[in-house]
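What follows is coords-v6.txt (compact mmCIF, C-alpha atoms).
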```txt
# COMPACT_ATOMS: atom_id res chain seq x y z
CA MET A 1 15.13 80.59 37.29
CA VAL A 2 16.79 79.17 34.18
CA PRO A 3 18.55 81.98 32.27
CA THR A 4 17.07 82.80 28.86
CA GLU A 5 19.35 81.91 25.98
CA ARG A 6 20.56 85.00 24.16
CA PRO A 7 19.61 85.26 20.48
CA ARG A 8 22.57 84.81 18.13
CA VAL A 9 23.36 87.42 15.47
CA ALA A 10 26.20 87.34 12.94
CA LEU A 11 28.33 90.49 12.84
CA ILE A 12 30.08 90.80 9.47
CA GLY A 13 32.81 93.41 9.29
CA THR A 14 33.57 95.25 6.06
CA GLY A 15 35.29 98.29 7.55
CA GLY A 16 34.28 101.94 7.21
CA THR A 17 34.07 104.78 9.71
CA ILE A 18 32.15 102.67 12.23
CA SER A 19 35.22 100.41 12.50
CA SER A 20 37.84 103.15 12.25
CA VAL A 21 40.17 104.44 14.95
CA GLY A 22 41.51 107.93 14.46
CA ARG A 23 44.75 109.38 15.75
CA HIS A 24 42.95 111.10 18.64
CA SER A 25 39.44 111.87 19.87
CA LEU A 26 39.06 115.00 17.71
CA ASP A 27 40.22 113.36 14.49
CA LEU A 28 36.88 113.54 12.66
CA VAL A 29 38.24 114.10 9.15
CA GLU A 30 41.65 112.56 8.52
CA TYR A 31 41.13 109.23 10.32
CA ALA A 32 40.49 107.57 6.96
CA ASP A 33 43.93 108.62 5.75
CA HIS A 34 45.99 108.01 8.90
CA GLY A 35 43.99 105.76 11.26
CA ARG A 36 43.33 102.03 11.27
CA ILE A 37 40.25 99.86 10.79
CA LEU A 38 39.13 97.37 13.42
CA GLU A 39 38.08 93.82 12.67
CA ALA A 40 34.59 92.70 13.75
CA GLU A 41 35.71 91.15 17.04
CA GLU A 42 37.70 94.27 17.96
CA LEU A 43 34.68 96.46 17.32
CA LEU A 44 32.55 94.27 19.59
CA ALA A 45 35.15 94.57 22.35
CA ARG A 46 34.61 98.34 22.38
CA ALA A 47 30.89 97.88 23.15
CA PRO A 48 30.57 95.14 25.81
CA GLU A 49 26.96 96.18 26.46
CA ILE A 50 26.01 94.34 23.28
CA THR A 51 26.87 90.93 24.74
CA THR A 52 24.34 91.37 27.55
CA GLU A 53 21.53 91.28 24.99
CA VAL A 54 22.74 88.96 22.22
CA GLU A 55 25.43 86.49 21.34
CA ALA A 56 27.19 88.36 18.54
CA VAL A 57 29.19 86.08 16.24
CA PRO A 58 32.00 88.14 14.66
CA VAL A 59 32.81 87.32 11.04
CA ARG A 60 35.75 88.88 9.23
CA PHE A 61 35.13 89.90 5.64
CA ARG A 62 36.91 93.16 4.75
CA ALA A 63 38.62 96.01 6.61
CA LEU A 64 38.27 98.78 4.04
CA PRO A 65 36.88 102.25 3.57
CA SER A 66 33.67 101.84 1.61
CA SER A 67 35.12 103.86 -1.27
CA ALA A 68 37.12 100.69 -2.00
CA ILE A 69 34.10 98.34 -2.11
CA THR A 70 33.36 96.93 -5.59
CA PRO A 71 30.64 94.76 -7.17
CA ALA A 72 33.00 91.80 -6.75
CA ASP A 73 32.77 92.39 -2.98
CA TRP A 74 28.96 92.45 -3.21
CA LEU A 75 29.00 89.03 -4.86
CA GLU A 76 31.31 87.57 -2.21
CA LEU A 77 29.28 89.12 0.61
CA ASN A 78 26.10 87.63 -0.83
CA GLU A 79 27.71 84.19 -0.87
CA LEU A 80 29.00 84.63 2.69
CA ILE A 81 25.58 85.54 4.11
CA HIS A 82 23.93 82.55 2.46
CA ARG A 83 26.67 80.29 3.83
CA LEU A 84 26.40 81.65 7.37
CA PHE A 85 22.65 81.11 7.55
CA ALA A 86 22.94 77.64 5.99
CA GLU A 87 25.67 76.52 8.40
CA ASP A 88 24.14 78.02 11.55
CA GLU A 89 20.36 77.73 11.67
CA GLY A 90 20.42 79.30 15.14
CA LEU A 91 21.30 82.71 13.73
CA VAL A 92 18.29 85.01 13.99
CA GLY A 93 19.78 87.70 11.77
CA ALA A 94 22.92 89.37 10.48
CA VAL A 95 24.46 92.82 10.85
CA ILE A 96 27.00 94.19 8.37
CA THR A 97 29.24 97.06 9.40
CA HIS A 98 29.96 99.24 6.38
CA GLY A 99 31.36 102.62 5.42
CA THR A 100 28.68 105.17 4.65
CA ALA A 101 29.98 106.29 1.25
CA THR A 102 28.64 103.26 -0.63
CA LEU A 103 26.51 101.66 2.09
CA GLU A 104 23.25 102.28 0.23
CA GLU A 105 24.53 100.52 -2.90
CA THR A 106 25.67 97.40 -1.05
CA ALA A 107 22.39 97.34 0.86
CA TYR A 108 20.26 97.58 -2.29
CA PHE A 109 22.27 94.88 -4.07
CA LEU A 110 21.70 92.49 -1.14
CA HIS A 111 18.05 93.60 -0.94
CA LEU A 112 17.60 92.32 -4.50
CA THR A 113 19.76 89.18 -4.39
CA LEU A 114 19.64 87.53 -0.97
CA LYS A 115 17.41 84.46 -0.75
CA VAL A 116 16.89 84.52 3.01
CA ARG A 117 14.00 85.31 5.32
CA LYS A 118 15.96 86.45 8.37
CA PRO A 119 16.72 90.15 8.91
CA VAL A 120 19.91 91.61 7.45
CA VAL A 121 20.86 95.10 8.64
CA LEU A 122 23.65 97.35 7.36
CA VAL A 123 25.06 99.82 9.85
CA GLY A 124 27.59 102.62 9.62
CA ALA A 125 28.70 105.67 11.55
CA GLN A 126 29.53 109.27 10.82
CA ARG A 127 32.26 109.51 13.46
CA PRO A 128 35.07 107.01 14.09
CA SER A 129 34.79 104.64 17.01
CA ASN A 130 37.26 106.46 19.28
CA SER A 131 36.12 110.02 18.58
CA LEU A 132 34.45 112.42 20.97
CA SER A 133 30.70 111.71 20.87
CA THR A 134 31.03 108.83 18.42
CA ASP A 135 27.84 107.29 17.08
CA ALA A 136 29.55 103.96 16.28
CA SER A 137 28.71 101.88 19.36
CA LEU A 138 25.08 102.93 19.74
CA ASN A 139 24.45 102.46 16.02
CA LEU A 140 25.94 98.99 16.27
CA LEU A 141 23.81 98.08 19.30
CA ASN A 142 20.64 99.34 17.60
CA ALA A 143 21.45 97.47 14.40
CA ILE A 144 21.82 94.24 16.39
CA ARG A 145 18.56 94.95 18.21
CA THR A 146 16.90 95.42 14.82
CA ALA A 147 18.40 92.25 13.35
CA ARG A 148 17.12 90.13 16.26
CA SER A 149 13.63 91.68 16.22
CA PRO A 150 10.63 89.81 14.76
CA GLN A 151 9.42 93.23 13.63
CA ALA A 152 12.21 93.32 11.03
CA VAL A 153 11.23 90.08 9.32
CA GLY A 154 9.84 90.58 5.82
CA LEU A 155 11.06 94.16 5.37
CA GLY A 156 13.99 93.32 3.11
CA VAL A 157 17.51 94.51 3.83
CA LEU A 158 17.54 97.40 6.29
CA VAL A 159 19.85 100.31 7.07
CA LEU A 160 20.31 101.60 10.63
CA LEU A 161 21.94 104.88 11.64
CA ASN A 162 20.91 107.60 14.08
CA ASP A 163 18.24 105.31 15.67
CA GLU A 164 16.35 105.29 12.35
CA ILE A 165 15.42 102.14 10.40
CA GLN A 166 15.35 102.68 6.64
CA SER A 167 14.65 100.48 3.63
CA ALA A 168 17.68 99.60 1.48
CA ARG A 169 15.72 100.46 -1.65
CA GLU A 170 14.85 103.98 -0.60
CA VAL A 171 17.54 105.32 1.72
CA THR A 172 20.39 107.55 0.59
CA LYS A 173 23.20 109.50 2.19
CA THR A 174 22.38 113.21 2.17
CA SER A 175 25.11 114.82 4.31
CA ASN A 176 28.88 114.49 4.47
CA HIS A 177 29.27 114.83 8.24
CA ARG A 178 25.96 115.21 10.10
CA LEU A 179 24.68 112.30 12.19
CA GLU A 180 21.28 112.43 10.48
CA ALA A 181 22.93 111.85 7.11
CA PHE A 182 20.75 108.95 5.90
CA ARG A 183 17.30 109.90 4.66
CA THR A 184 14.48 108.46 2.58
CA PRO A 185 13.27 111.30 0.32
CA ASP A 186 9.50 111.61 -0.16
CA LEU A 187 8.61 108.42 1.73
CA GLY A 188 10.38 108.56 5.09
CA MET A 189 11.88 105.97 7.41
CA LEU A 190 10.27 102.66 8.31
CA GLY A 191 10.63 103.04 12.06
CA TYR A 192 12.93 103.45 15.05
CA ALA A 193 15.29 101.48 17.22
CA ASP A 194 14.09 103.45 20.19
CA ALA A 195 15.68 104.58 23.45
CA ASP A 196 14.03 101.81 25.49
CA GLY A 197 15.58 99.14 23.26
CA GLU A 198 12.35 98.40 21.40
CA VAL A 199 12.19 98.19 17.60
CA VAL A 200 9.09 99.99 16.33
CA ILE A 201 7.95 99.78 12.69
CA TYR A 202 5.39 102.22 11.26
CA ARG A 203 5.27 101.29 7.56
CA ARG A 204 6.29 98.39 5.33
CA PRO A 205 7.81 98.53 1.82
CA THR A 206 5.69 97.10 -1.00
CA ARG A 207 8.25 96.45 -3.76
CA ARG A 208 9.58 92.91 -4.28
CA CYS A 209 12.82 91.95 -2.53
CA LEU A 210 14.87 89.01 -1.20
CA ILE A 211 13.28 85.64 -2.03
CA GLU A 212 10.61 87.36 -4.16
CA THR A 213 13.06 88.62 -6.79
CA GLU A 214 14.28 86.94 -9.97
CA PHE A 215 17.93 87.73 -9.24
CA ASP A 216 20.19 85.03 -7.85
CA THR A 217 23.90 85.80 -8.19
CA ARG A 218 25.25 82.79 -6.31
CA GLY A 219 28.13 81.43 -8.37
CA PHE A 220 28.66 84.70 -10.27
CA LYS A 221 32.23 85.99 -10.52
CA ASP A 222 31.36 89.39 -11.97
CA LEU A 223 28.47 91.58 -13.10
CA PRO A 224 27.84 93.46 -16.35
CA ARG A 225 29.56 96.82 -16.52
CA VAL A 226 27.16 99.74 -16.03
CA ASP A 227 28.28 103.35 -15.67
CA ILE A 228 26.63 106.63 -14.64
CA ALA A 229 26.76 109.76 -16.81
CA TYR A 230 25.98 112.95 -14.88
CA SER A 231 23.99 115.60 -16.73
CA TYR A 232 24.80 119.30 -16.61
CA ALA A 233 24.09 122.35 -18.74
CA GLY A 234 25.86 121.86 -22.06
CA SER A 235 26.74 118.18 -21.61
CA ASP A 236 27.66 116.93 -25.08
CA GLY A 237 27.47 113.19 -24.43
CA THR A 238 31.23 112.65 -24.27
CA ALA A 239 30.90 110.68 -21.02
CA ILE A 240 28.38 108.31 -22.59
CA ASP A 241 30.65 107.82 -25.61
CA ALA A 242 33.60 107.06 -23.32
CA PHE A 243 31.65 104.54 -21.26
CA ILE A 244 30.53 102.72 -24.39
CA ALA A 245 34.11 102.66 -25.65
CA ALA A 246 35.17 101.18 -22.28
CA GLY A 247 32.76 98.28 -22.71
CA ALA A 248 29.69 99.37 -20.73
CA ARG A 249 26.64 97.23 -21.40
CA GLY A 250 24.44 99.81 -19.77
CA VAL A 251 24.57 103.51 -18.91
CA VAL A 252 22.43 105.31 -16.33
CA VAL A 253 22.00 108.99 -17.12
CA ALA A 254 21.67 111.12 -13.97
CA SER A 255 19.69 113.55 -16.06
CA LEU A 256 18.41 117.07 -15.60
CA PRO A 257 15.23 117.12 -13.50
CA PRO A 258 12.57 115.86 -13.99
CA GLY A 259 14.34 113.34 -16.24
CA ARG A 260 15.52 115.05 -19.41
CA PRO A 261 18.82 114.47 -21.21
CA THR A 262 20.60 117.27 -23.04
CA PRO A 263 20.63 117.23 -26.87
CA GLY A 264 24.22 115.98 -26.77
CA GLU A 265 23.26 113.14 -24.47
CA GLU A 266 20.33 112.24 -26.74
CA ARG A 267 22.77 111.94 -29.64
CA ALA A 268 25.16 109.76 -27.66
CA ALA A 269 22.29 107.65 -26.29
CA ALA A 270 20.93 107.04 -29.79
CA GLU A 271 24.34 105.75 -30.88
CA ALA A 272 24.57 103.61 -27.75
CA ARG A 273 21.19 102.03 -28.49
CA ARG A 274 22.33 101.25 -32.05
CA GLN A 275 25.19 99.33 -30.46
CA GLY A 276 22.81 97.43 -28.17
CA VAL A 277 23.71 99.29 -24.97
CA LEU A 278 20.91 99.65 -22.43
CA MET A 279 20.16 103.30 -21.54
CA VAL A 280 18.41 104.15 -18.26
CA GLN A 281 17.06 107.60 -17.48
CA SER A 282 17.35 108.62 -13.82
CA SER A 283 17.48 112.13 -12.35
CA ARG A 284 20.04 114.10 -10.42
CA SER A 285 17.34 115.86 -8.33
CA GLY A 286 17.41 113.46 -5.39
CA SER A 287 13.69 112.72 -5.13
CA GLY A 288 10.63 111.98 -7.20
CA ARG A 289 9.89 109.66 -10.12
CA VAL A 290 11.15 109.88 -13.65
CA VAL A 291 7.81 109.53 -15.40
CA PRO A 292 7.65 107.42 -18.59
CA ARG A 293 7.20 109.57 -21.71
CA SER A 294 6.52 108.51 -25.28
CA LEU A 295 9.64 110.25 -26.57
CA LEU A 296 11.91 108.47 -24.09
CA ARG A 297 10.46 105.12 -25.11
CA GLU A 298 10.87 105.97 -28.80
CA GLN A 299 14.53 106.75 -28.08
CA GLY A 300 14.93 103.39 -26.36
CA PHE A 301 15.37 104.75 -22.83
CA VAL A 302 14.26 102.85 -19.73
CA VAL A 303 13.03 105.12 -16.94
CA ALA A 304 14.31 104.53 -13.41
CA ASP A 305 11.12 105.31 -11.48
CA ASN A 306 12.20 106.99 -8.20
CA LEU A 307 15.56 105.23 -7.83
CA ASN A 308 18.53 107.57 -7.59
CA PRO A 309 21.31 107.06 -10.15
CA GLN A 310 23.48 104.81 -7.97
CA LYS A 311 20.53 102.56 -7.08
CA ALA A 312 19.41 102.52 -10.72
CA ARG A 313 22.88 101.31 -11.66
CA VAL A 314 22.61 98.38 -9.22
CA LEU A 315 19.27 97.27 -10.63
CA THR A 316 20.50 97.74 -14.22
CA MET A 317 23.50 95.50 -13.56
CA LEU A 318 21.23 92.79 -12.22
CA ALA A 319 18.67 93.26 -14.99
CA LEU A 320 21.38 92.69 -17.60
CA THR A 321 22.09 89.27 -16.10
CA ARG A 322 18.55 88.37 -17.22
CA THR A 323 17.69 90.36 -20.35
CA GLN A 324 18.62 93.26 -22.66
CA ASP A 325 15.02 94.01 -23.63
CA PRO A 326 14.21 97.60 -22.57
CA ALA A 327 10.53 96.81 -22.02
CA GLU A 328 11.39 93.93 -19.69
CA VAL A 329 13.96 96.03 -17.82
CA GLU A 330 11.41 98.81 -17.37
CA ARG A 331 9.06 96.22 -15.87
CA MET A 332 11.80 95.41 -13.36
CA PHE A 333 12.05 99.07 -12.39
CA ARG A 334 8.32 99.02 -11.65
CA ASP A 335 8.59 95.78 -9.66
CA TYR A 336 11.69 96.53 -7.59
```
Once you've parsed the file, please lay out its structure as structure tokens.
Amino acid sequence: MVPTERPRVALIGTGGTISSVGRHSLDLVEYADHGRILEAEELLARAPEITTEVEAVPVRFRALPSSAITPADWLELNELIHRLFAEDEGLVGAVITHGTATLEETAYFLHLTLKVRKPVVLVGAQRPSNSLSTDASLNLLNAIRTARSPQAVGLGVLVLLNDEIQSAREVTKTSNHRLEAFRTPDLGMLGYADADGEVVIYRRPTRRCLIETEFDTRGFKDLPRVDIAYSYAGSDGTAIDAFIAAGARGVVVASLPPGRPTPGEERAAAEARRQGVLMVQSSRSGSGRVVPRSLLREQGFVVADNLNPQKARVLTMLALTRTQDPAEVERMFRDY
């Protein structure tokens, strides 16, 4: 019998807990301060089972904690993925190892900007690769299984941890240390990378992504500055004022649920709008839509639908590469 050729998947390393080595097997907290971060090929060497199923092509990109990832890294990563698929048509998909702190933001940026049809999966871990009961190797294997699966085609950029497949648009980190940290509030996961090695999908996202979007950042060196102002009882808008003074072209307000700014924030937002700064109303609650209201529109606010503040910031940055018209930006929040 002629052996079946293994599918080829790119493995792009950006660092994070999944690639970290702590000082010892019980170092579950301080590894980020005192350990080291493996490159993609070193991470693969720790999980030889992967090579029995696929030909994983390691690609070095970064070796950082995800707290150090910036929008400039997103732009470079976007370019890299396009280049890899263009240069190697045999790749069936790509997996990106990433720290969990900002994984959802990188994933959503790529979800909106990549012009590819093949699956792209971001994967992280809650415990470093050498720790007792690490989730790093199994998460990596399941991410690669997802990236090679025909079931993953057309779902946009995906996130894989804890055997669960989530949409980049909807998933968020909800726990500092638990393995089931990544959740999709209200809507739930898309499916599983299950114990038998099969990828099973139960629902499909409906919002536009990948080649269907109007955002193409290839050739960009930077993105418009957008900041997040967090609401709290008595907030007087000082944060919004400071962001405007720092040159922000947009500000997302993580407002009081269900999407209401404080009087001080309303004052600061009105001044920001007079200066042409885009104001986006999100919510700090963690789930549910910010519903459009006449007063918000009169004040010049865009509402963020059900995107959390950090995801709303990503979309606002991209929207500002196209327009400053609040009505057009609000249309983008409905589309994406």
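In this structure, CA of Pro7 (chain A) sits 7.4 Å away from CA of Leu91 (chain A).
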* **Å distance separating CA of Glu298 (chain A) from CA of Ala268 (chain A), one decimal place** =>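 Interatomic distance here is 14.8 Å.
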* Which of these residues is nearest to Thr184 (chain A), using all atoms listed in the file: A:Val252, A:Gly286, A:Gln299, A:Asn162? ->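 Nearest to Thr184 (chain A): A:Gly286.
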* Val253 (chain A): which residues within 7 Å, counting all atoms listed in the file, same-chain residues fewer than 4 positions away excluded, as a list in words? ->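 So, after excluding close chain neighbours, the residues are Ile228, Ala229, Tyr230, Ser231, Val280, Gln281 and Ser282 of chain A.
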* Can you pull out every residue within 12 Å of Ala45 (chain A), counting all atoms listed in the file, but drop anything in the same chain fewer than 6 positions away, and send it as a PyMOL selection string? => chain A and resi 19+38-39+51+56+58+129+137+140
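CA of Ala47 (chain A) to CA of Lys118 (chain A) spans 23.9 Å [interatomic distance, one decimal].
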* Using all atoms listed in the file, collect all residues at a distance of at most 6 Å from (21.5, 99.1, 9.5) as written in the file, then present them as a ChimeraX atom specification. => /A:121-123,143,158-160
May I have the protein, DNA and RNA residues with an atom at most 10 Å from (26.3, 119.8, -20.1), counting all atoms listed in the file in the file's coordinates, returned as a short mmCIF file (atom, residue, chain, number, x, y, z; two decimals) with C-alpha atoms, keeping the file's coordinate frame?
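Below is the file out31.cif, written as the result:
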```
data_model
loop_
_atom_site.label_atom_id
_atom_site.label_comp_id
_atom_site.auth_asym_id
_atom_site.auth_seq_id
_atom_site.Cartn_x
_atom_site.Cartn_y
_atom_site.Cartn_z
CA TYR A 230 25.98 112.95 -14.88
CA SER A 231 23.99 115.60 -16.73
CA TYR A 232 24.80 119.30 -16.61
CA ALA A 233 24.09 122.35 -18.74
CA GLY A 234 25.86 121.86 -22.06
CA SER A 235 26.74 118.18 -21.61
CA ASP A 236 27.66 116.93 -25.08
CA GLY A 237 27.47 113.19 -24.43
CA THR A 238 31.23 112.65 -24.27
CA SER A 255 19.69 113.55 -16.06
CA LEU A 256 18.41 117.07 -15.60
CA PRO A 261 18.82 114.47 -21.21
CA THR A 262 20.60 117.27 -23.04
CA PRO A 263 20.63 117.23 -26.87
CA GLY A 264 24.22 115.98 -26.77
CA GLU A 265 23.26 113.14 -24.47
#
```
Coords for region 68-134 of chain A, C-alpha atoms, as a PDB file, in the first residue's frame:
```pdb
ATOM      1  CA  ALA A  68       3.778  42.688  24.398  1.00  0.00           C
ATOM      2  CA  ILE A  69       1.865  42.165  21.123  1.00  0.00           C
ATOM      3  CA  THR A  70       0.919  45.422  19.355  1.00  0.00           C
ATOM      4  CA  PRO A  71      -1.116  46.398  16.270  1.00  0.00           C
ATOM      5  CA  ALA A  72       2.179  46.620  14.370  1.00  0.00           C
ATOM      6  CA  ASP A  73       2.613  42.884  15.048  1.00  0.00           C
ATOM      7  CA  TRP A  74      -0.907  42.232  13.732  1.00  0.00           C
ATOM      8  CA  LEU A  75      -0.017  43.947  10.466  1.00  0.00           C
ATOM      9  CA  GLU A  76       3.204  41.940  10.078  1.00  0.00           C
ATOM     10  CA  LEU A  77       1.445  38.691  10.962  1.00  0.00           C
ATOM     11  CA  ASN A  78      -1.220  39.400   8.353  1.00  0.00           C
ATOM     12  CA  GLU A  79       1.473  39.912   5.715  1.00  0.00           C
ATOM     13  CA  LEU A  80       3.279  36.732   6.790  1.00  0.00           C
ATOM     14  CA  ILE A  81       0.180  34.541   6.489  1.00  0.00           C
ATOM     15  CA  HIS A  82      -0.606  35.854   3.027  1.00  0.00           C
ATOM     16  CA  ARG A  83       2.994  35.220   1.969  1.00  0.00           C
ATOM     17  CA  LEU A  84       3.065  31.670   3.345  1.00  0.00           C
ATOM     18  CA  PHE A  85      -0.098  30.645   1.509  1.00  0.00           C
ATOM     19  CA  ALA A  86       1.063  32.332  -1.709  1.00  0.00           C
ATOM     20  CA  GLU A  87       4.484  30.656  -1.641  1.00  0.00           C
ATOM     21  CA  ASP A  88       3.269  27.190  -0.617  1.00  0.00           C
ATOM     22  CA  GLU A  89      -0.019  26.212  -2.232  1.00  0.00           C
ATOM     23  CA  GLY A  90       0.249  22.808  -0.554  1.00  0.00           C
ATOM     24  CA  LEU A  91      -0.504  24.273   2.866  1.00  0.00           C
ATOM     25  CA  VAL A  92      -3.999  23.262   3.939  1.00  0.00           C
ATOM     26  CA  GLY A  93      -4.123  25.687   6.856  1.00  0.00           C
ATOM     27  CA  ALA A  94      -2.171  27.613   9.471  1.00  0.00           C
ATOM     28  CA  VAL A  95      -1.940  27.503  13.260  1.00  0.00           C
ATOM     29  CA  ILE A  96      -0.697  30.464  15.302  1.00  0.00           C
ATOM     30  CA  THR A  97       0.527  29.889  18.838  1.00  0.00           C
ATOM     31  CA  HIS A  98      -0.291  32.927  20.955  1.00  0.00           C
ATOM     32  CA  GLY A  99      -0.462  34.082  24.550  1.00  0.00           C
ATOM     33  CA  THR A 100      -3.975  34.133  25.933  1.00  0.00           C
ATOM     34  CA  ALA A 101      -3.975  37.713  27.245  1.00  0.00           C
ATOM     35  CA  THR A 102      -4.519  39.321  23.834  1.00  0.00           C
ATOM     36  CA  LEU A 103      -5.254  36.233  21.734  1.00  0.00           C
ATOM     37  CA  GLU A 104      -8.851  37.265  21.045  1.00  0.00           C
ATOM     38  CA  GLU A 105      -7.763  40.659  19.682  1.00  0.00           C
ATOM     39  CA  THR A 106      -5.183  39.222  17.292  1.00  0.00           C
ATOM     40  CA  ALA A 107      -7.699  36.612  16.173  1.00  0.00           C
ATOM     41  CA  TYR A 108     -10.428  39.171  15.457  1.00  0.00           C
ATOM     42  CA  PHE A 109      -8.033  41.444  13.553  1.00  0.00           C
ATOM     43  CA  LEU A 110      -7.028  38.535  11.292  1.00  0.00           C
ATOM     44  CA  HIS A 111     -10.683  37.465  11.027  1.00  0.00           C
ATOM     45  CA  LEU A 112     -11.434  40.866   9.476  1.00  0.00           C
ATOM     46  CA  THR A 113      -8.322  41.351   7.332  1.00  0.00           C
ATOM     47  CA  LEU A 114      -7.064  38.043   5.937  1.00  0.00           C
ATOM     48  CA  LYS A 115      -7.921  37.416   2.291  1.00  0.00           C
ATOM     49  CA  VAL A 116      -7.564  33.637   2.374  1.00  0.00           C
ATOM     50  CA  ARG A 117      -9.946  30.695   2.207  1.00  0.00           C
ATOM     51  CA  LYS A 118      -7.890  28.152   4.140  1.00  0.00           C
ATOM     52  CA  PRO A 119      -8.424  27.688   7.890  1.00  0.00           C
ATOM     53  CA  VAL A 120      -6.390  29.796  10.305  1.00  0.00           C
ATOM     54  CA  VAL A 121      -6.515  28.753  13.969  1.00  0.00           C
ATOM     55  CA  LEU A 122      -5.092  30.573  16.992  1.00  0.00           C
ATOM     56  CA  VAL A 123      -4.145  28.404  19.937  1.00  0.00           C
ATOM     57  CA  GLY A 124      -2.921  29.132  23.439  1.00  0.00           C
ATOM     58  CA  ALA A 125      -2.581  27.418  26.792  1.00  0.00           C
ATOM     59  CA  GLN A 126      -3.298  28.213  30.404  1.00  0.00           C
ATOM     60  CA  ARG A 127      -0.315  26.268  31.747  1.00  0.00           C
ATOM     61  CA  PRO A 128       3.270  26.370  30.464  1.00  0.00           C
ATOM     62  CA  SER A 129       4.534  23.539  28.318  1.00  0.00           C
ATOM     63  CA  ASN A 130       6.625  21.850  31.020  1.00  0.00           C
ATOM     64  CA  SER A 131       4.151  22.159  33.896  1.00  0.00           C
ATOM     65  CA  LEU A 132       2.312  19.379  35.670  1.00  0.00           C
ATOM     66  CA  SER A 133      -0.846  18.629  33.656  1.00  0.00           C
ATOM     67  CA  THR A 134      -0.060  21.179  30.953  1.00  0.00           C
TER      68      THR A 134
END
```
